[in-house]
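Q: Just so it is clear, I am handing over start-v3.cif, which has mmCIF, C-alpha atoms.
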data_final
loop_
_atom_site.label_atom_id
_atom_site.label_comp_id
_atom_site.auth_asym_id
_atom_site.auth_seq_id
_atom_site.Cartn_x
_atom_site.Cartn_y
_atom_site.Cartn_z
CA MET A 1 103.03 89.23 153.69
CA THR A 2 100.91 88.34 150.70
CA SER A 3 100.35 91.18 148.25
CA THR A 4 96.79 91.65 147.05
CA THR A 5 97.62 93.83 144.07
CA PRO A 6 98.92 92.63 140.69
CA HIS A 7 102.72 92.66 140.32
CA ASN A 8 104.50 94.04 137.30
CA GLN A 9 105.20 91.21 134.84
CA ASP A 10 102.60 88.92 136.41
CA SER A 11 101.57 86.28 133.90
CA ILE A 12 98.37 84.30 133.70
CA VAL A 13 98.37 81.30 131.38
CA LEU A 14 95.28 79.71 129.94
CA SER A 15 95.36 76.57 127.83
CA LEU A 16 92.19 75.87 125.88
CA PRO A 17 90.96 73.17 123.53
CA ILE A 18 90.49 74.35 119.94
CA ASN A 19 86.75 74.31 120.49
CA PRO A 20 84.19 77.18 120.34
CA ALA A 21 82.70 76.03 123.64
CA TYR A 22 85.58 77.61 125.57
CA VAL A 23 85.83 81.06 123.95
CA SER A 24 83.63 82.42 126.73
CA ALA A 25 86.23 81.22 129.28
CA ALA A 26 88.87 83.34 127.49
CA ARG A 27 86.54 86.37 127.49
CA LEU A 28 85.82 85.97 131.18
CA THR A 29 89.52 85.67 132.05
CA ALA A 30 90.43 88.67 129.89
CA SER A 31 87.73 90.84 131.48
CA SER A 32 88.74 89.80 134.96
CA ILE A 33 92.44 90.60 134.45
CA ALA A 34 91.73 93.94 132.73
CA ASN A 35 89.44 94.87 135.59
CA ARG A 36 92.04 93.82 138.17
CA ILE A 37 94.71 96.13 136.73
CA GLY A 38 92.39 99.12 136.69
CA PHE A 39 91.10 99.34 133.14
CA GLY A 40 87.91 101.34 132.66
CA ILE A 41 84.65 99.71 131.56
CA ASP A 42 85.16 100.60 127.88
CA GLU A 43 88.74 99.31 127.95
CA ILE A 44 87.63 96.05 129.56
CA GLU A 45 85.07 95.65 126.78
CA ASP A 46 87.80 96.32 124.21
CA VAL A 47 90.10 93.65 125.68
CA LYS A 48 87.21 91.18 125.90
CA MET A 49 86.23 91.78 122.26
CA ALA A 50 89.80 91.50 121.00
CA VAL A 51 90.64 88.31 122.92
CA SER A 52 87.41 86.67 121.86
CA GLU A 53 88.00 87.50 118.19
CA ALA A 54 91.57 86.20 118.42
CA CYS A 55 90.32 82.89 119.88
CA THR A 56 87.70 82.67 117.13
CA PHE A 57 90.42 83.31 114.56
CA VAL A 58 92.51 80.44 115.97
CA ILE A 59 89.60 78.02 116.18
CA ARG A 60 88.38 78.74 112.65
CA ASN A 61 91.84 78.75 111.13
CA ALA A 62 93.58 75.83 112.88
CA PRO A 63 94.15 73.00 110.41
CA ASN A 64 93.81 70.32 113.13
CA ALA A 65 91.20 71.28 115.69
CA GLU A 66 90.46 67.75 116.89
CA GLY A 67 92.22 67.24 120.20
CA GLY A 68 94.33 70.37 119.70
CA LEU A 69 95.07 73.07 122.23
CA PHE A 70 96.03 76.72 122.09
CA LYS A 71 97.58 78.87 124.77
CA ILE A 72 96.81 82.38 125.93
CA VAL A 73 99.38 84.18 128.08
CA PHE A 74 98.24 87.41 129.71
CA THR A 75 101.16 89.51 130.98
CA VAL A 76 100.59 92.57 133.09
CA LYS A 77 103.17 95.33 132.60
CA ASN A 78 102.35 98.40 134.68
CA GLU A 79 99.17 99.67 133.04
CA THR A 80 99.57 97.56 129.92
CA ILE A 81 98.22 94.14 129.23
CA GLU A 82 99.99 91.96 126.70
CA ILE A 83 98.10 88.96 125.44
CA MET A 84 99.99 86.30 123.50
CA ILE A 85 97.87 83.70 121.78
CA GLU A 86 99.78 80.72 120.43
CA CYS A 87 98.82 77.59 118.58
CA GLN A 88 101.48 75.07 117.58
CA GLN A 89 100.10 74.59 114.09
CA SER A 90 100.92 76.16 110.76
CA PHE A 91 98.07 78.47 109.77
CA PRO A 92 97.23 79.63 106.25
CA LYS A 93 97.76 83.39 105.86
CA ILE A 94 94.57 85.39 105.93
CA THR A 95 94.09 88.50 103.82
CA PRO A 96 91.86 91.39 104.95
CA GLU A 97 89.44 90.61 102.11
CA GLU A 98 88.62 87.16 103.46
CA GLU A 99 85.82 86.64 105.94
CA LEU A 100 88.32 85.87 108.69
CA GLY A 101 90.09 89.13 107.85
CA GLN A 102 87.19 90.89 109.55
CA ALA A 103 88.19 89.28 112.86
CA LEU A 104 91.70 90.75 112.48
CA MET A 105 90.27 94.17 111.68
CA ILE A 106 88.15 94.02 114.83
CA ILE A 107 91.17 93.02 116.96
CA LYS A 108 93.20 95.93 115.53
CA ASN A 109 90.43 98.37 116.33
CA PHE A 110 90.05 97.21 119.92
CA THR A 111 93.77 97.08 120.80
CA ASP A 112 96.74 99.44 120.56
CA GLU A 113 98.90 96.92 118.74
CA LEU A 114 98.49 93.60 117.01
CA ILE A 115 101.43 91.49 115.85
CA ILE A 116 100.61 88.35 113.89
CA SER A 117 103.22 85.71 113.21
CA TYR A 118 102.72 82.81 110.81
CA GLY A 119 105.09 79.87 110.75
CA GLU A 120 105.29 76.43 112.33
CA THR A 121 103.57 78.05 115.30
CA PHE A 122 100.91 80.69 114.82
CA SER A 123 100.93 83.57 117.27
CA ALA A 124 99.03 86.78 117.78
CA LYS A 125 100.27 89.38 120.25
CA LEU A 126 97.70 91.92 121.41
CA ILE A 127 98.71 94.96 123.42
CA LYS A 128 96.39 97.34 125.22
CA THR A 129 97.40 100.15 127.57
CA HIS A 130 95.15 101.84 130.10
CA LYS A 131 94.46 105.44 129.13
CA ARG A 132 94.21 107.76 132.07
CA LEU A 133 91.54 110.43 131.86
CA GLU A 134 93.03 113.93 131.77
CA LEU A 135 91.46 116.20 134.35
CA MET B 136 76.94 82.79 129.37
CA ASP B 137 74.70 81.48 126.65
CA TYR B 138 72.35 83.50 124.59
CA LYS B 139 68.57 83.48 124.56
CA LEU B 140 66.23 84.38 121.72
CA VAL B 141 62.53 85.16 122.10
CA SER B 142 60.43 85.89 119.03
CA ASP B 143 56.92 87.07 118.39
CA TYR B 144 55.15 87.85 115.14
CA SER B 145 52.86 90.88 115.04
CA ASP B 146 50.01 90.38 112.58
CA ASP B 147 49.13 94.08 112.89
CA LEU B 148 52.61 95.39 112.10
CA LYS B 149 53.59 92.48 109.86
CA LYS B 150 56.92 92.33 111.68
CA TRP B 151 58.92 89.86 113.69
CA LYS B 152 59.86 91.21 117.10
CA VAL B 153 62.92 89.38 118.37
CA THR B 154 64.69 89.83 121.69
CA VAL B 155 68.20 88.48 122.07
CA SER B 156 70.09 88.40 125.36
CA GLY B 157 73.38 87.07 126.68
CA GLU B 158 76.45 86.44 124.55
CA ILE B 159 76.57 85.28 120.93
CA ASP B 160 79.89 83.94 119.68
CA LEU B 161 81.28 81.18 117.48
CA PHE B 162 79.61 78.62 119.74
CA SER B 163 76.10 80.00 119.25
CA SER B 164 76.12 82.10 116.05
CA GLY B 165 75.02 79.10 113.95
CA ASP B 166 71.97 78.68 116.17
CA LEU B 167 71.16 82.38 115.84
CA LYS B 168 71.27 82.13 112.04
CA LYS B 169 69.07 79.02 111.99
CA ALA B 170 66.54 80.56 114.38
CA LEU B 171 66.21 83.81 112.39
CA LEU B 172 66.03 82.03 109.03
CA ALA B 173 63.28 79.79 110.44
CA LEU B 174 61.27 82.89 111.34
CA ILE B 175 61.33 84.32 107.82
CA GLU B 176 60.39 80.92 106.47
CA LYS B 177 57.16 81.28 108.44
CA HIS B 178 56.47 84.94 107.60
CA LYS B 179 58.46 86.93 105.06
CA ALA B 180 58.46 90.12 107.13
CA ASP B 181 60.74 92.76 108.59
CA ILE B 182 62.69 91.71 111.67
CA VAL B 183 63.13 94.01 114.64
CA ILE B 184 65.87 92.74 116.96
CA ASP B 185 65.94 94.23 120.44
CA CYS B 186 69.51 94.02 121.76
CA SER B 187 69.09 95.85 125.06
CA SER B 188 70.04 92.69 127.00
CA LEU B 189 72.69 91.55 124.55
CA ASP B 190 76.11 91.62 126.25
CA TYR B 191 78.38 90.38 123.50
CA ILE B 192 78.39 89.59 119.82
CA ASP B 193 81.37 88.52 117.69
CA SER B 194 82.28 88.57 114.01
CA THR B 195 80.68 85.18 113.39
CA ALA B 196 77.38 86.43 114.81
CA LEU B 197 77.67 89.51 112.59
CA GLY B 198 78.17 87.13 109.68
CA ALA B 199 74.99 85.28 110.71
CA LEU B 200 73.07 88.56 110.77
CA VAL B 201 74.39 89.48 107.32
CA THR B 202 73.15 86.14 105.93
CA VAL B 203 69.73 86.81 107.43
CA LEU B 204 69.75 90.36 106.06
CA LYS B 205 70.52 89.08 102.54
CA ASN B 206 67.56 86.69 102.77
CA VAL B 207 65.27 89.46 104.07
CA LYS B 208 66.39 91.82 101.29
CA GLU B 209 65.28 89.25 98.72
CA TYR B 210 61.67 90.16 99.53
CA ASP B 211 62.50 93.86 100.10
CA GLY B 212 62.35 93.53 103.86
CA GLU B 213 64.45 95.25 106.53
CA VAL B 214 66.34 94.14 109.61
CA PHE B 215 66.20 96.69 112.44
CA ILE B 216 68.77 96.42 115.23
CA GLU B 217 67.56 98.20 118.36
CA ASN B 218 69.23 99.33 121.56
CA LEU B 219 72.78 98.11 121.06
CA LYS B 220 75.15 98.71 123.97
CA PRO B 221 77.90 101.23 123.08
CA ALA B 222 80.68 98.64 122.61
CA LEU B 223 78.47 96.59 120.31
CA ALA B 224 77.36 99.68 118.37
CA ARG B 225 81.07 100.37 117.86
CA LEU B 226 81.51 96.89 116.44
CA PHE B 227 78.81 97.57 113.85
CA LYS B 228 80.50 100.87 113.00
CA ILE B 229 84.00 99.37 112.65
CA THR B 230 82.71 96.68 110.32
CA LYS B 231 80.54 99.26 108.49
CA LEU B 232 77.48 97.13 109.17
CA ASP B 233 75.80 100.20 110.64
CA GLN B 234 75.26 101.12 106.99
CA ALA B 235 73.69 97.78 106.08
CA PHE B 236 71.29 97.45 109.01
CA THR B 237 68.91 100.04 110.39
CA LEU B 238 70.23 100.77 113.89
CA THR B 239 67.84 102.48 116.26
CA THR B 240 67.49 103.26 119.95
CA LYS B 241 64.28 102.72 121.96
CA GLY B 242 62.78 106.04 120.89
CA GLY B 243 63.21 105.01 117.28
CA GLU B 244 66.19 107.31 116.68
CA SER B 245 69.08 106.09 114.57
CA ASN B 246 72.27 105.26 116.50
#
Just give me the structure of the file as structure tokens.
A:
Amino acid sequence: MTSTTPHNQDSIVLSLPINPAYVSAARLTASSIANRIGFGIDEIEDVKMAVSEACTFVIRNAPNAEGGLFKIVFTVKNETIEIMIECQQSFPKITPEEELGQALMIIKNFTDELIISYGETFSAKLIKTHKRLEL
Amino acid sequence: MDYKLVSDYSDDLKKWKVTVSGEIDLFSSGDLKKALLALIEKHKADIVIDCSSLDYIDSTALGALVTVLKNVKEYDGEVFIENLKPALARLFKITKLDQAFTLTTKGGESN
């Protein structure tokens, strides 16, 4: 029998060109997955905002955008969504004072956790957990 | 979803009334900036931006609005942002841009 509900540890992988034209595709995917695992409207908006800002950060910061790709892996863990954004390029470090630092501040505010890793491959891990309303 | 901008200048009020709808991100924020700067080239006036049909705005679009605001401030004008959806109002608050722009709801109250 085919299950119609998301499984724990389900992963959805999106590979996008380093091009602003496709940020909306990432937003749409993020909203759809958050909705599917039962996030509320505000939480869906939060995930959408955070993913979009993270894509913008990658596109604006990637040293070689031409022909390049970056990957977004959405992993569903119970009522948590983990979003790993990876680009196999070495990014310059961004301080909060820089204009791009604002994007990081926005991501932090719209997620529960943000882990940034600079190196040969840049990665940003965003974590957001569904908050149940207390009755 | 792309964004749409409709503008109208009121001779009586000496204000630009602008309606933006859809989603404004890195792809379209440059166009937003150009369109708004073109308006104040025509008439150096306050700008009232109705955002009731605006679904999404990102940090680059906020940056575009800040550039426009700086230009408007040069002639002592104001940029009014009206009817932001709650998530977008939060974005202005997080970035402290609620203090730079005049945010109002339809009745004219501050957000």
Q: Which residues would end up in the selection if the PyMOL selection byres ((chain A) within 10 of (chain B)) were applied here, given that I need the answer as a ChimeraX atom specification?
A: /A:19-25,27-28,41-43,45-46,48-50,52-53,55-57,59-60,99-106,109-110
Q: Please write the residues picked by the PyMOL selection byres ((chain A and resi 35) around 12) on this file as a count of residues only.
A: 27
Q: Written as a list in words, which residues does the PyMOL selection byres ((chain B and resi 208-215) around 7) give for the file shown?
A: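 Checking the PyMOL selection byres ((chain B and resi 208-215) around 7) against this file, the residues are Ala180, Asp181, Ile182, Val183, Ile184, Leu204, Lys205, Asn206, Val207, Ile216, Glu217, Phe236, Thr237 and Leu238 of chain B.
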Q: Using only C-alpha atoms, give me every residue within 6 Å of (55.0, 84.2, 110.7) in file coordinates, as a ChimeraX atom specification.
A: /B:144,177-178
Q: Grab the atom CA of A:Phe74 to atom CA of A:Ser11 distance for me, in Å with one decimal place.
A: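 Going from atom CA of A:Phe74 over to atom CA of A:Ser11 covers 5.5 Å.
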Q: Set the distance at 6 Å and use only C-alpha atoms: which residues neighbour A:Cys87 once local chain neighbours fewer than 3 positions away are removed? I'd like the list as a short mmCIF file (atom, residue, chain, number, x, y, z; two decimals) with C-alpha atoms, keeping the file's coordinate frame.
A:
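Here's the written file result-v7.cif:
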data_model
loop_
_atom_site.label_atom_id
_atom_site.label_comp_id
_atom_site.auth_asym_id
_atom_site.auth_seq_id
_atom_site.Cartn_x
_atom_site.Cartn_y
_atom_site.Cartn_z
CA PHE A 70 96.03 76.72 122.09
CA THR A 121 103.57 78.05 115.30
CA PHE A 122 100.91 80.69 114.82
#
Q: What does the distance from atom CA of A:Val13 to atom CA of B:Leu189 come to in Å, to one decimal?
A: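 Value for the atom CA of A:Val13-atom CA of B:Leu189 distance: 28.5 Å.
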Q: Which of these residues is nearest to A:Ala26, using all atoms listed in the file: A:Thr95, A:Ile12, A:His7, A:Val51?
A: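 Answer, going by the shortest atom-to-atom distance: A:Val51.
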Q: Any idea what's packed within 8 Å of B:Leu140, counting only C-alpha atoms, ignoring anything in its chain fewer than 3 positions away? Could you give it as a PyMOL selection string?
A: chain B and resi 153-156+167
Q: Using atom CA of A:Glu113 and atom CA of B:Lys231 as the two end points, give the distance in Å to one decimal.
A: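 Atom-to-atom, atom CA of A:Glu113 and atom CA of B:Lys231 are spaced 21.2 Å apart.
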Q: For a cut-off of 6 Å around (97.9, 85.9, 125.4), file coordinates, pick out all residues using only C-alpha atoms and list them as a list in words.
A: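 Those residues lying close to the given coordinates are Ile72, Val73, Phe74, Ile83, Met84 and Ile85 of chain A.
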Q: Name the closest residue to B:Val203 among the candidates B:Ser188, B:Thr240, B:Ser164, B:Ser145; distances are taken between atoms, counting only C-alpha atoms.
A: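 Selected residue with least distance to B:Val203: B:Ser164.
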